[in-house]
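One file, protein24.cif, carrying mmCIF, C-alpha atoms:
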```cif
data_start
#
loop_
_atom_site.label_atom_id
_atom_site.label_comp_id
_atom_site.auth_asym_id
_atom_site.auth_seq_id
_atom_site.Cartn_x
_atom_site.Cartn_y
_atom_site.Cartn_z
CA MET Z 1 0.00 0.00 0.00
CA ASP Z 2 1.35 3.40 -1.02
CA ILE Z 3 0.75 5.86 1.79
CA ASN Z 4 1.02 9.61 1.53
CA TYR Z 5 2.36 10.07 5.03
CA LYS Z 6 1.83 13.83 5.10
CA LYS Z 7 -1.77 13.65 3.95
CA ASN Z 8 -2.60 10.62 6.09
CA LEU Z 9 -1.41 12.31 9.28
CA GLU Z 10 -2.98 15.63 8.32
CA ASP Z 11 -6.34 13.98 7.67
CA VAL Z 12 -6.28 12.04 10.93
CA LEU Z 13 -5.41 15.16 12.95
CA ASN Z 14 -8.27 16.92 11.19
CA GLY Z 15 -10.65 14.18 12.35
CA LYS Z 16 -11.16 12.63 8.92
CA GLN Z 17 -11.54 8.91 8.29
CA THR Z 18 -8.49 7.31 6.70
CA ASP Z 19 -7.60 3.84 5.49
CA ILE Z 20 -4.76 3.37 7.95
CA THR Z 21 -3.76 4.70 11.36
CA PRO Z 22 -0.46 6.62 11.30
CA VAL Z 23 2.43 5.38 13.40
CA ILE Z 24 4.74 8.25 14.37
CA THR Z 25 6.54 9.81 17.29
CA VAL Z 26 5.75 13.27 18.58
CA THR Z 27 8.30 12.88 21.38
CA GLN Z 28 12.09 12.32 21.62
CA SER Z 29 13.26 10.17 18.72
CA GLY Z 30 17.03 9.77 18.97
CA ILE Z 31 18.23 6.26 19.85
CA LEU Z 32 21.75 4.89 20.08
CA ASP Z 33 21.14 2.12 17.54
CA ALA Z 34 20.13 4.73 14.96
CA MET Z 35 23.07 6.97 15.81
CA GLU Z 36 25.47 4.12 15.12
CA LEU Z 37 23.83 3.26 11.80
CA THR Z 38 23.57 6.86 10.56
CA GLY Z 39 26.92 8.18 11.77
CA THR Z 40 25.29 10.71 14.08
CA SER Z 41 25.82 11.30 17.79
CA TRP Z 42 24.91 13.44 20.74
CA PRO Z 43 25.79 16.17 21.49
CA THR Z 44 26.68 16.98 17.85
CA ALA Z 45 23.15 16.27 16.61
CA HIS Z 46 21.80 18.82 19.09
CA LYS Z 47 23.73 21.68 17.47
CA ASP Z 48 24.48 20.63 13.87
CA PRO Z 49 21.47 20.97 11.52
CA GLU Z 50 22.63 18.23 9.13
CA GLN Z 51 23.06 15.69 11.92
CA MET Z 52 19.84 16.83 13.56
CA ALA Z 53 17.91 16.25 10.34
CA THR Z 54 19.55 12.88 9.73
CA LEU Z 55 18.90 11.60 13.24
CA GLY Z 56 15.41 13.09 13.26
CA ALA Z 57 14.49 11.06 10.18
CA SER Z 58 16.42 7.95 11.22
CA LEU Z 59 13.45 6.07 12.65
CA TYR Z 60 11.67 6.60 9.33
CA GLU Z 61 14.63 5.33 7.36
CA LEU Z 62 15.45 2.40 9.68
CA ALA Z 63 12.11 1.44 11.23
CA GLY Z 64 9.37 2.92 9.08
CA LEU Z 65 7.96 5.51 11.49
CA GLU Z 66 5.94 7.97 9.45
CA ASP Z 67 7.42 11.29 10.51
CA ALA Z 68 10.72 13.01 11.23
CA LYS Z 69 10.93 14.37 14.77
CA ILE Z 70 13.34 17.06 16.00
CA PRO Z 71 14.93 18.20 18.29
CA PHE Z 72 15.81 15.72 21.03
CA CYS Z 73 15.27 17.63 24.28
CA LEU Z 74 13.15 20.20 26.11
CA ALA Z 75 15.90 22.66 26.95
CA VAL Z 76 15.89 24.75 23.76
CA GLU Z 77 13.77 27.64 25.03
CA ALA Z 78 15.56 27.86 28.38
CA GLU Z 79 18.94 27.94 26.61
CA SER Z 80 17.83 30.80 24.38
CA MET Z 81 16.55 32.61 27.47
CA GLY Z 82 20.09 32.57 28.86
CA CYS Z 83 20.14 29.37 30.94
CA GLU Z 84 23.25 27.21 31.06
CA VAL Z 85 22.49 23.86 29.46
CA ASP Z 86 24.53 20.67 29.63
CA LEU Z 87 24.06 19.07 26.19
CA GLY Z 88 25.03 15.66 27.54
CA SER Z 89 26.74 12.90 25.59
CA GLY Z 90 26.14 9.31 24.55
CA GLY Z 91 22.53 8.60 25.43
CA ARG Z 92 22.11 11.39 27.96
CA THR Z 93 19.74 14.16 26.92
CA PRO Z 94 20.40 17.87 27.57
CA GLU Z 95 19.36 19.43 30.85
CA VAL Z 96 19.20 22.90 32.32
CA VAL Z 97 21.90 23.27 34.98
CA LYS Z 98 21.77 26.98 35.82
CA SER Z 99 19.38 29.87 35.26
CA PRO Z 100 20.22 33.59 35.32
CA PHE Z 101 16.88 34.23 37.04
CA GLU Z 102 16.15 33.73 40.73
CA LYS Z 103 12.62 35.12 41.00
CA PRO Z 104 9.69 35.47 38.57
CA GLU Z 105 10.09 39.25 38.47
CA ASP Z 106 13.68 38.79 37.24
CA ILE Z 107 12.66 36.96 34.07
CA GLU Z 108 13.24 38.87 30.86
CA ILE Z 109 13.24 37.70 27.26
CA PRO Z 110 16.58 38.56 25.60
CA GLU Z 111 16.34 40.85 22.58
CA ASN Z 112 18.00 38.24 20.36
CA PHE Z 113 15.97 35.33 21.77
CA GLU Z 114 14.78 33.89 18.43
CA GLU Z 115 18.28 34.06 16.95
CA SER Z 116 20.19 32.59 19.90
CA GLY Z 117 20.89 29.11 21.17
CA ARG Z 118 19.66 26.28 18.99
CA ILE Z 119 16.52 27.88 17.55
CA PRO Z 120 18.26 28.74 14.23
CA VAL Z 121 19.70 25.20 14.08
CA ILE Z 122 16.24 23.65 14.43
CA CYS Z 123 14.76 25.93 11.79
CA GLU Z 124 17.57 25.00 9.38
CA ALA Z 125 17.05 21.29 10.13
CA VAL Z 126 13.36 21.65 9.22
CA GLU Z 127 14.34 23.14 5.88
CA ILE Z 128 16.84 20.32 5.26
CA LEU Z 129 14.18 17.70 5.99
CA HIS Z 130 11.74 19.37 3.62
CA GLU Z 131 14.41 19.33 0.91
CA ARG Z 132 15.15 15.63 1.50
CA TYR Z 133 11.60 14.31 1.75
CA ASP Z 134 8.47 15.16 -0.22
CA ASN Z 135 6.20 12.79 1.64
CA LEU Z 136 7.36 12.84 5.25
CA PRO Z 137 5.78 15.14 7.85
CA VAL Z 138 8.23 17.03 10.02
CA CYS Z 139 7.31 17.31 13.70
CA VAL Z 140 9.09 19.90 15.84
CA GLY Z 141 8.85 19.48 19.57
CA ILE Z 142 8.72 22.59 21.74
CA THR Z 143 8.36 23.07 25.49
CA GLY Z 144 5.15 24.16 27.21
CA PRO Z 145 5.09 27.45 29.14
CA PHE Z 146 4.74 25.97 32.62
CA THR Z 147 7.73 23.68 32.06
CA VAL Z 148 9.77 26.57 30.64
CA ALA Z 149 8.88 28.64 33.71
CA GLY Z 150 10.10 25.76 35.87
CA HIS Z 151 13.39 25.72 33.98
CA LEU Z 152 13.81 29.43 34.58
CA ILE Z 153 13.15 29.55 38.32
CA GLY Z 154 13.35 25.89 39.32
CA VAL Z 155 10.65 23.23 39.24
CA GLU Z 156 10.56 22.73 42.99
CA GLU Z 157 10.45 26.47 43.52
CA ILE Z 158 7.57 27.09 41.13
CA LEU Z 159 5.55 24.21 42.58
CA LYS Z 160 6.12 25.61 46.07
CA MET Z 161 5.13 29.10 44.95
CA ILE Z 162 1.71 27.93 43.75
CA ASN Z 163 0.67 27.84 47.39
CA LEU Z 164 2.65 30.89 48.48
CA ASP Z 165 2.48 33.44 45.65
CA LEU Z 166 0.15 32.41 42.86
CA PHE Z 167 0.35 35.78 41.09
CA ALA Z 168 4.12 35.45 40.78
CA VAL Z 169 3.69 32.02 39.21
CA GLU Z 170 1.19 33.44 36.74
CA ASP Z 171 3.67 36.19 35.85
CA ALA Z 172 6.44 33.63 35.21
CA ILE Z 173 4.17 31.53 33.00
CA GLU Z 174 3.08 34.62 31.07
CA VAL Z 175 6.65 35.58 30.22
CA ALA Z 176 7.49 31.96 29.35
CA ALA Z 177 4.48 31.86 27.02
CA GLU Z 178 5.66 35.04 25.31
CA ALA Z 179 9.05 33.44 24.69
CA VAL Z 180 7.51 30.21 23.40
CA SER Z 181 5.24 32.24 21.10
CA ALA Z 182 8.25 34.07 19.68
CA TYR Z 183 9.88 30.70 18.95
CA ILE Z 184 6.67 29.47 17.28
CA ARG Z 185 6.65 32.50 15.00
CA LYS Z 186 10.14 31.54 13.79
CA LEU Z 187 8.93 27.98 13.19
CA ASN Z 188 5.97 29.34 11.22
CA GLU Z 189 8.49 30.70 8.71
CA VAL Z 190 9.89 27.21 7.96
CA LYS Z 191 6.49 25.45 8.15
CA PRO Z 192 6.89 22.11 9.96
CA GLU Z 193 3.82 19.96 9.41
CA VAL Z 194 3.31 19.41 13.15
CA ILE Z 195 4.36 21.18 16.34
CA CYS Z 196 4.23 19.08 19.49
CA VAL Z 197 4.08 21.00 22.77
CA ALA Z 198 5.51 18.90 25.60
CA ASP Z 199 4.62 20.25 29.04
CA PRO Z 200 5.70 17.54 31.48
CA THR Z 201 5.77 19.77 34.57
CA SER Z 202 2.02 20.33 34.17
CA SER Z 203 1.40 16.60 34.67
CA GLY Z 204 -1.32 15.38 36.98
CA ASP Z 205 1.51 13.80 38.96
CA LEU Z 206 2.62 17.31 40.00
CA LEU Z 207 -0.44 19.57 39.70
CA SER Z 208 -4.07 19.29 40.72
CA PRO Z 209 -6.67 19.49 37.94
CA LEU Z 210 -7.70 22.92 39.27
CA ASP Z 211 -4.12 24.20 39.13
CA PHE Z 212 -3.81 22.93 35.57
CA GLU Z 213 -7.06 24.63 34.56
CA GLN Z 214 -6.12 27.95 36.15
CA LEU Z 215 -2.39 28.10 35.44
CA CYS Z 216 -1.45 25.91 32.48
CA ARG Z 217 -4.46 25.78 30.18
CA PRO Z 218 -4.65 29.54 29.45
CA ALA Z 219 -0.98 29.66 28.40
CA LEU Z 220 -1.34 26.51 26.29
CA GLU Z 221 -4.33 28.07 24.54
CA ASP Z 222 -2.41 31.29 23.94
CA ILE Z 223 0.55 29.61 22.26
CA GLU Z 224 -1.72 27.36 20.18
CA GLU Z 225 -3.31 30.43 18.64
CA VAL Z 226 0.10 31.50 17.30
CA MET Z 227 0.73 28.21 15.48
CA LYS Z 228 0.18 27.85 11.75
CA SER Z 229 1.06 24.13 11.79
CA GLN Z 230 -1.11 21.31 13.02
CA ASN Z 231 -0.32 20.63 16.63
CA VAL Z 232 -0.29 18.04 19.40
CA LEU Z 233 -0.16 18.57 23.16
CA HIS Z 234 1.87 16.02 25.12
CA ILE Z 235 1.70 15.80 28.90
CA CYS Z 236 3.37 13.02 30.84
CA GLY Z 237 2.07 10.74 33.56
CA HIS Z 238 -1.39 10.45 35.03
CA THR Z 239 -3.49 12.91 33.03
CA ALA Z 240 -6.96 11.39 33.39
CA GLY Z 241 -7.97 14.23 35.72
CA ILE Z 242 -7.01 16.89 33.16
CA LEU Z 243 -8.02 15.03 30.03
CA LYS Z 244 -11.07 17.20 29.34
CA ASP Z 245 -8.94 20.33 29.51
CA MET Z 246 -6.27 18.80 27.28
CA LEU Z 247 -8.83 17.73 24.70
CA SER Z 248 -10.66 21.03 24.63
CA CYS Z 249 -7.91 23.67 24.57
CA GLY Z 250 -7.65 23.93 20.80
CA TYR Z 251 -5.05 21.38 19.67
CA ASN Z 252 -5.47 18.93 16.80
CA GLY Z 253 -4.28 16.09 19.01
CA ILE Z 254 -3.11 15.13 22.45
CA SER Z 255 -0.41 12.60 23.35
CA ILE Z 256 -0.88 10.48 26.46
CA GLU Z 257 1.03 7.86 28.37
CA GLU Z 258 -0.09 4.33 29.15
CA ALA Z 259 -1.17 5.61 32.59
CA VAL Z 260 -4.39 6.71 30.85
CA ASP Z 261 -6.57 3.93 29.47
CA MET Z 262 -7.26 4.44 25.77
CA ASN Z 263 -10.90 3.39 26.13
CA PHE Z 264 -11.39 6.14 28.71
CA ALA Z 265 -9.57 8.69 26.57
CA GLN Z 266 -11.69 7.86 23.55
CA LYS Z 267 -14.90 8.16 25.59
CA VAL Z 268 -13.93 11.60 26.89
CA LYS Z 269 -12.95 12.62 23.37
CA HIS Z 270 -16.31 11.46 22.01
CA ASP Z 271 -18.24 13.20 24.78
CA LEU Z 272 -16.50 16.46 23.80
CA GLY Z 273 -17.46 16.11 20.16
CA ASP Z 274 -14.46 14.29 18.65
CA LYS Z 275 -12.68 17.56 17.87
CA CYS Z 276 -9.25 16.47 19.11
CA GLN Z 277 -7.47 13.21 18.30
CA VAL Z 278 -5.65 10.95 20.76
CA CYS Z 279 -2.05 9.84 20.14
CA GLY Z 280 -0.06 7.30 22.16
CA ASN Z 281 0.13 5.31 24.34
CA ILE Z 282 2.78 2.66 23.71
CA SER Z 283 4.91 2.48 26.85
CA THR Z 284 8.38 3.93 26.41
CA SER Z 285 9.79 3.09 29.84
CA LYS Z 286 8.54 -0.49 29.92
CA THR Z 287 7.67 -1.90 26.51
CA LEU Z 288 9.78 -0.01 23.97
CA PHE Z 289 12.81 0.23 26.26
CA ARG Z 290 12.82 -3.08 28.15
CA GLY Z 291 10.24 -5.20 26.36
CA THR Z 292 10.39 -7.65 23.47
CA PRO Z 293 9.09 -7.08 19.93
CA GLU Z 294 6.21 -9.41 20.77
CA GLU Z 295 5.29 -7.30 23.80
CA VAL Z 296 5.41 -4.20 21.62
CA ARG Z 297 3.18 -5.94 19.08
CA GLU Z 298 0.60 -6.85 21.72
CA GLU Z 299 0.51 -3.32 23.11
CA VAL Z 300 0.10 -1.73 19.68
CA LEU Z 301 -2.69 -4.12 18.72
CA GLN Z 302 -4.43 -3.42 22.02
CA ALA Z 303 -4.21 0.35 21.45
CA LEU Z 304 -5.60 -0.01 17.93
CA ASN Z 305 -8.45 -2.18 19.15
CA LYS Z 306 -9.28 0.52 21.70
CA GLY Z 307 -9.45 3.15 18.97
CA VAL Z 308 -6.19 5.09 19.22
CA ASP Z 309 -6.12 7.72 16.48
CA VAL Z 310 -2.33 7.83 16.06
CA VAL Z 311 -0.03 5.06 17.27
CA ALA Z 312 2.94 6.66 19.03
CA PRO Z 313 5.34 6.18 21.93
CA SER Z 314 3.79 7.29 25.20
CA CYS Z 315 6.67 9.65 26.04
CA GLY Z 316 10.20 10.40 24.87
CA ILE Z 317 11.90 7.27 23.55
CA ALA Z 318 14.79 6.21 25.78
CA ALA Z 319 18.06 6.47 23.85
CA ALA Z 320 18.98 2.87 24.70
CA SER Z 321 15.73 1.47 23.29
CA PRO Z 322 16.45 -1.23 20.70
CA LEU Z 323 15.69 -0.43 17.07
CA LYS Z 324 13.85 -3.75 16.68
CA ASN Z 325 11.21 -2.56 19.15
CA ILE Z 326 10.54 0.57 17.10
CA GLN Z 327 10.26 -1.61 14.00
CA ALA Z 328 7.81 -3.82 15.90
CA MET Z 329 5.47 -0.83 16.35
CA VAL Z 330 5.25 -0.37 12.61
CA ASN Z 331 4.96 -4.09 11.92
CA ALA Z 332 2.07 -4.42 14.39
CA ARG Z 333 0.21 -1.51 12.80
CA ASN Z 334 0.73 -3.11 9.38
CA GLU Z 335 -0.51 -6.45 10.70
CA PHE Z 336 -3.64 -4.81 12.10
CA PHE Z 337 -4.49 -3.34 8.70
CA GLY Z 338 -3.38 -6.40 6.69
CA ILE Z 339 -0.53 -4.74 4.82
#
```

Rewrite the coordinates I just gave you, this time as structure tokens.
Amino acid sequence: MDINYKKNLEDVLNGKQTDITPVITVTQSGILDAMELTGTSWPTAHKDPEQMATLGASLYELAGLEDAKIPFCLAVEAESMGCEVDLGSGGRTPEVVKSPFEKPEDIEIPENFEESGRIPVICEAVEILHERYDNLPVCVGITGPFTVAGHLIGVEEILKMINLDLFAVEDAIEVAAEAVSAYIRKLNEVKPEVICVADPTSSGDLLSPLDFEQLCRPALEDIEEVMKSQNVLHICGHTAGILKDMLSCGYNGISIEEAVDMNFAQKVKHDLGDKCQVCGNISTSKTLFRGTPEEVREEVLQALNKGVDVVAPSCGIAAASPLKNIQAMVNARNEFFGI
């Protein structure tokens, strides 16, 4: 079966019926097996557009996933805001190690924000991928405002401040959302097919549903309005309590972990009018990382039987995940549809 991967994913995210469910990743895609086979490596692929594009498309070339996903971390915005970032090495992803800001009122967006750090590298990698592939959707992952705010003043600090100084937290999120929006406007110029907003700090594991509704949802809605690409919202962990908010804040799709039952997610989606599609929820920490291809197969078939709209890893793929398990995702989807 010849599949137009761009159109198939676009149609699904628009809520249209298609002949086959896409199998993609909207989360971290770099794995060590692929680095070895493509001659790429971290940290070079974090800062070199050619390597970023090659590694971002590697799971398409080597395993058949139906998108190219870049970059490979959630520290891009914080770095461009002036934070010190350790880019890591081997299979270790980048992390923020120091921020120039101590308090919410200290946070300022640098004048050259959109031109600093790795934002220009990512934009160039998008253009390279578009030149290399006519039929492959490019997905750019960005970081949600609440998570960016946590990078800027510390996750523990911002969670503590919710109970001590809510207005200060709101101010920090507002500035973070302005920075993320500026980044999105640069991405709009290079036109990735999909933007995936990952906002792990807004997880139900850390915030109450009320906190999410009051603090995170407004900022997520604001940045979505800036996007010209289709978009997906990914939040880690137990998100059943915020699922209605996730599904109704304007995105084409949401990405959920295996902690949320797909039957439940589909019911909530249907009750809200089927306006937002559900991606996931193939376990990254258990099945794709430590499981066997047969276990991956069983989990994919189960997700498809429960009505998942887009088969995808439930979170960022661990760098040490074996390539054969990624291939098993695609094989299981093909088996389900008899191709």

task: Could you check which of Z:Glu66, Z:Asp309, Z:Glu193, Z:Glu294 is closest to Ala328 (chain Z), using only C-alpha atoms?
output: Z:Glu294

Among listed residues Z:Leu215, Z:Ile70, Z:Ile142, Z:Val260, nearest Thr239 (chain Z) (using all atoms listed in the file):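 Ranking Z:Leu215, Z:Ile70, Z:Ile142, Z:Val260 by distance to Thr239 (chain Z), first place goes to Z:Val260.
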
field: Target residues per the PyMOL selection byres ((chain Z and resi 110) around 8), formatted as a VMD selection string
entry: chain Z and resid 80 to 82 108 to 109 111 to 113

Restricting the output to C-alpha atoms, write the selected residues as a CSV table (one decimal), in the frame of the given file.
```csv
chain,number,residue,atom,x,y,z
Z,80,SER,CA,17.8,30.8,24.4
Z,81,MET,CA,16.6,32.6,27.5
Z,82,GLY,CA,20.1,32.6,28.9
Z,108,GLU,CA,13.2,38.9,30.9
Z,109,ILE,CA,13.2,37.7,27.3
Z,111,GLU,CA,16.3,40.8,22.6
Z,112,ASN,CA,18.0,38.2,20.4
Z,113,PHE,CA,16.0,35.3,21.8
```

Expected selection from the PyMOL selection byres ((chain Z and resi 40-50) around 12), given as a PyMOL selection string: chain Z and resi 28-39+51-58+70-76+85-95+116-129+131-132+319

Any chance you could export the current selection's C-alpha atoms as a CSV table (one decimal), in the frame of the given file?
```csv
chain,number,residue,atom,x,y,z
Z,28,GLN,CA,12.1,12.3,21.6
Z,29,SER,CA,13.3,10.2,18.7
Z,30,GLY,CA,17.0,9.8,19.0
Z,31,ILE,CA,18.2,6.3,19.8
Z,32,LEU,CA,21.8,4.9,20.1
Z,33,ASP,CA,21.1,2.1,17.5
Z,34,ALA,CA,20.1,4.7,15.0
Z,35,MET,CA,23.1,7.0,15.8
Z,36,GLU,CA,25.5,4.1,15.1
Z,37,LEU,CA,23.8,3.3,11.8
Z,38,THR,CA,23.6,6.9,10.6
Z,39,GLY,CA,26.9,8.2,11.8
Z,51,GLN,CA,23.1,15.7,11.9
Z,52,MET,CA,19.8,16.8,13.6
Z,53,ALA,CA,17.9,16.2,10.3
Z,54,THR,CA,19.6,12.9,9.7
Z,55,LEU,CA,18.9,11.6,13.2
Z,56,GLY,CA,15.4,13.1,13.3
Z,57,ALA,CA,14.5,11.1,10.2
Z,58,SER,CA,16.4,8.0,11.2
Z,70,ILE,CA,13.3,17.1,16.0
Z,71,PRO,CA,14.9,18.2,18.3
Z,72,PHE,CA,15.8,15.7,21.0
Z,73,CYS,CA,15.3,17.6,24.3
Z,74,LEU,CA,13.2,20.2,26.1
Z,75,ALA,CA,15.9,22.7,27.0
Z,76,VAL,CA,15.9,24.8,23.8
Z,85,VAL,CA,22.5,23.9,29.5
Z,86,ASP,CA,24.5,20.7,29.6
Z,87,LEU,CA,24.1,19.1,26.2
Z,88,GLY,CA,25.0,15.7,27.5
Z,89,SER,CA,26.7,12.9,25.6
Z,90,GLY,CA,26.1,9.3,24.6
Z,91,GLY,CA,22.5,8.6,25.4
Z,92,ARG,CA,22.1,11.4,28.0
Z,93,THR,CA,19.7,14.2,26.9
Z,94,PRO,CA,20.4,17.9,27.6
Z,95,GLU,CA,19.4,19.4,30.8
Z,116,SER,CA,20.2,32.6,19.9
Z,117,GLY,CA,20.9,29.1,21.2
Z,118,ARG,CA,19.7,26.3,19.0
Z,119,ILE,CA,16.5,27.9,17.6
Z,120,PRO,CA,18.3,28.7,14.2
Z,121,VAL,CA,19.7,25.2,14.1
Z,122,ILE,CA,16.2,23.6,14.4
Z,123,CYS,CA,14.8,25.9,11.8
Z,124,GLU,CA,17.6,25.0,9.4
Z,125,ALA,CA,17.0,21.3,10.1
Z,126,VAL,CA,13.4,21.6,9.2
Z,127,GLU,CA,14.3,23.1,5.9
Z,128,ILE,CA,16.8,20.3,5.3
Z,129,LEU,CA,14.2,17.7,6.0
Z,131,GLU,CA,14.4,19.3,0.9
Z,132,ARG,CA,15.2,15.6,1.5
Z,319,ALA,CA,18.1,6.5,23.8
```

message: Let me make sure I understand: among Z:Glu213, Z:Glu77, Z:Asp205, Z:Glu61, which one has the smallest atom-to-atom distance to Ile326 (chain Z) if we use only C-alpha atoms?
response: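 Of Z:Glu213, Z:Glu77, Z:Asp205, Z:Glu61, the one nearest Ile326 (chain Z) is Z:Glu61, counting only C-alpha atoms.
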
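Among the candidates Z:Ser248, Z:Asn4, Z:Thr25, Z:Ser181, the residue lying nearest to Leu136 (chain Z) is Z:Asn4 (atoms considered: only C-alpha atoms).
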
First collect every listed atom of region 230-238 of chain Z; then fit an axis-aligned box around them, widen it by 4 Å on each side, and give centre and edge lengths in Å to one decimal, as JSON.
```
{"center_x": 1.0, "center_y": 15.9, "center_z": 24.0, "size_x": 12.8, "size_y": 18.9, "size_z": 30.0}
```

task: Using the chain letters and numbers from the file, give me the residues hit by the PyMOL selection byres ((chain Z and resi 223) around 10), as a ChimeraX atom specification.
output: /Z:144-145,177-185,197,218-222,224-227

- prompt: So what do you get for CA of Glu84 (chain Z) versus CA of Ala198 (chain Z), distance-wise?
  reply: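 Distance reported for this atom pair: 20.3 Å.
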
- prompt: What is the distance, in Å and to one decimal place, between CA of Glu258 (chain Z) and CA of Asn8 (chain Z)?
  reply: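 These two atoms are separated by 24.0 Å.
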
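Of the listed residues Z:Val26, Z:Phe101, Z:Asn231, Z:Lys267, the one whose atoms come nearest to Lys191 (chain Z) is Z:Asn231, with distances taken using only C-alpha atoms.
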
query: Just how far from CA of Ile162 (chain Z) is CA of Arg217 (chain Z), in Å to one decimal?
result: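 Rounded to one decimal, the two atoms are 15.1 Å apart.
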
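Near Ser229 (chain Z), within 9 Å and counting all atoms listed in the file, sit Leu187, Asn188, Lys191, Pro192, Glu193, Val194 and Ile195 of chain Z; same-chain residues fewer than 6 positions away were not included.
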
Using only C-alpha atoms, which residues sit within 8 Å of Ile107 (chain Z) once same-chain residues fewer than 3 positions away are excluded, as a PDB file with C-alpha atoms, in the frame of the given file?
```
ATOM      1  CA  PHE Z 101      16.880  34.230  37.040  1.00  0.00           C
ATOM      2  CA  LYS Z 103      12.620  35.120  41.000  1.00  0.00           C
ATOM      3  CA  PRO Z 104       9.690  35.470  38.570  1.00  0.00           C
ATOM      4  CA  LEU Z 152      13.810  29.430  34.580  1.00  0.00           C
ATOM      5  CA  ALA Z 172       6.440  33.630  35.210  1.00  0.00           C
ATOM      6  CA  VAL Z 175       6.650  35.580  30.220  1.00  0.00           C
TER       7      VAL Z 175
END
```

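Residues lying within 9 Å of (12.4, 5.3, 24.1). Counted over all atoms listed in the file, they are Gln28, Ser29, Gly30, Ile31, Ser283, Thr284, Ser285, Thr287, Leu288, Phe289, Pro313, Ser314, Cys315, Gly316, Ile317, Ala318, Ala319, Ala320, Ser321, Pro322 and Ile326 of chain Z.
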
Distance criterion (only C-alpha atoms): nearest to Cys249 (chain Z) out of Z:Lys228, Z:Lys69, Z:Lys6, Z:Lys275: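 Of Z:Lys228, Z:Lys69, Z:Lys6, Z:Lys275, the one nearest Cys249 (chain Z), counting only C-alpha atoms, is Z:Lys275.
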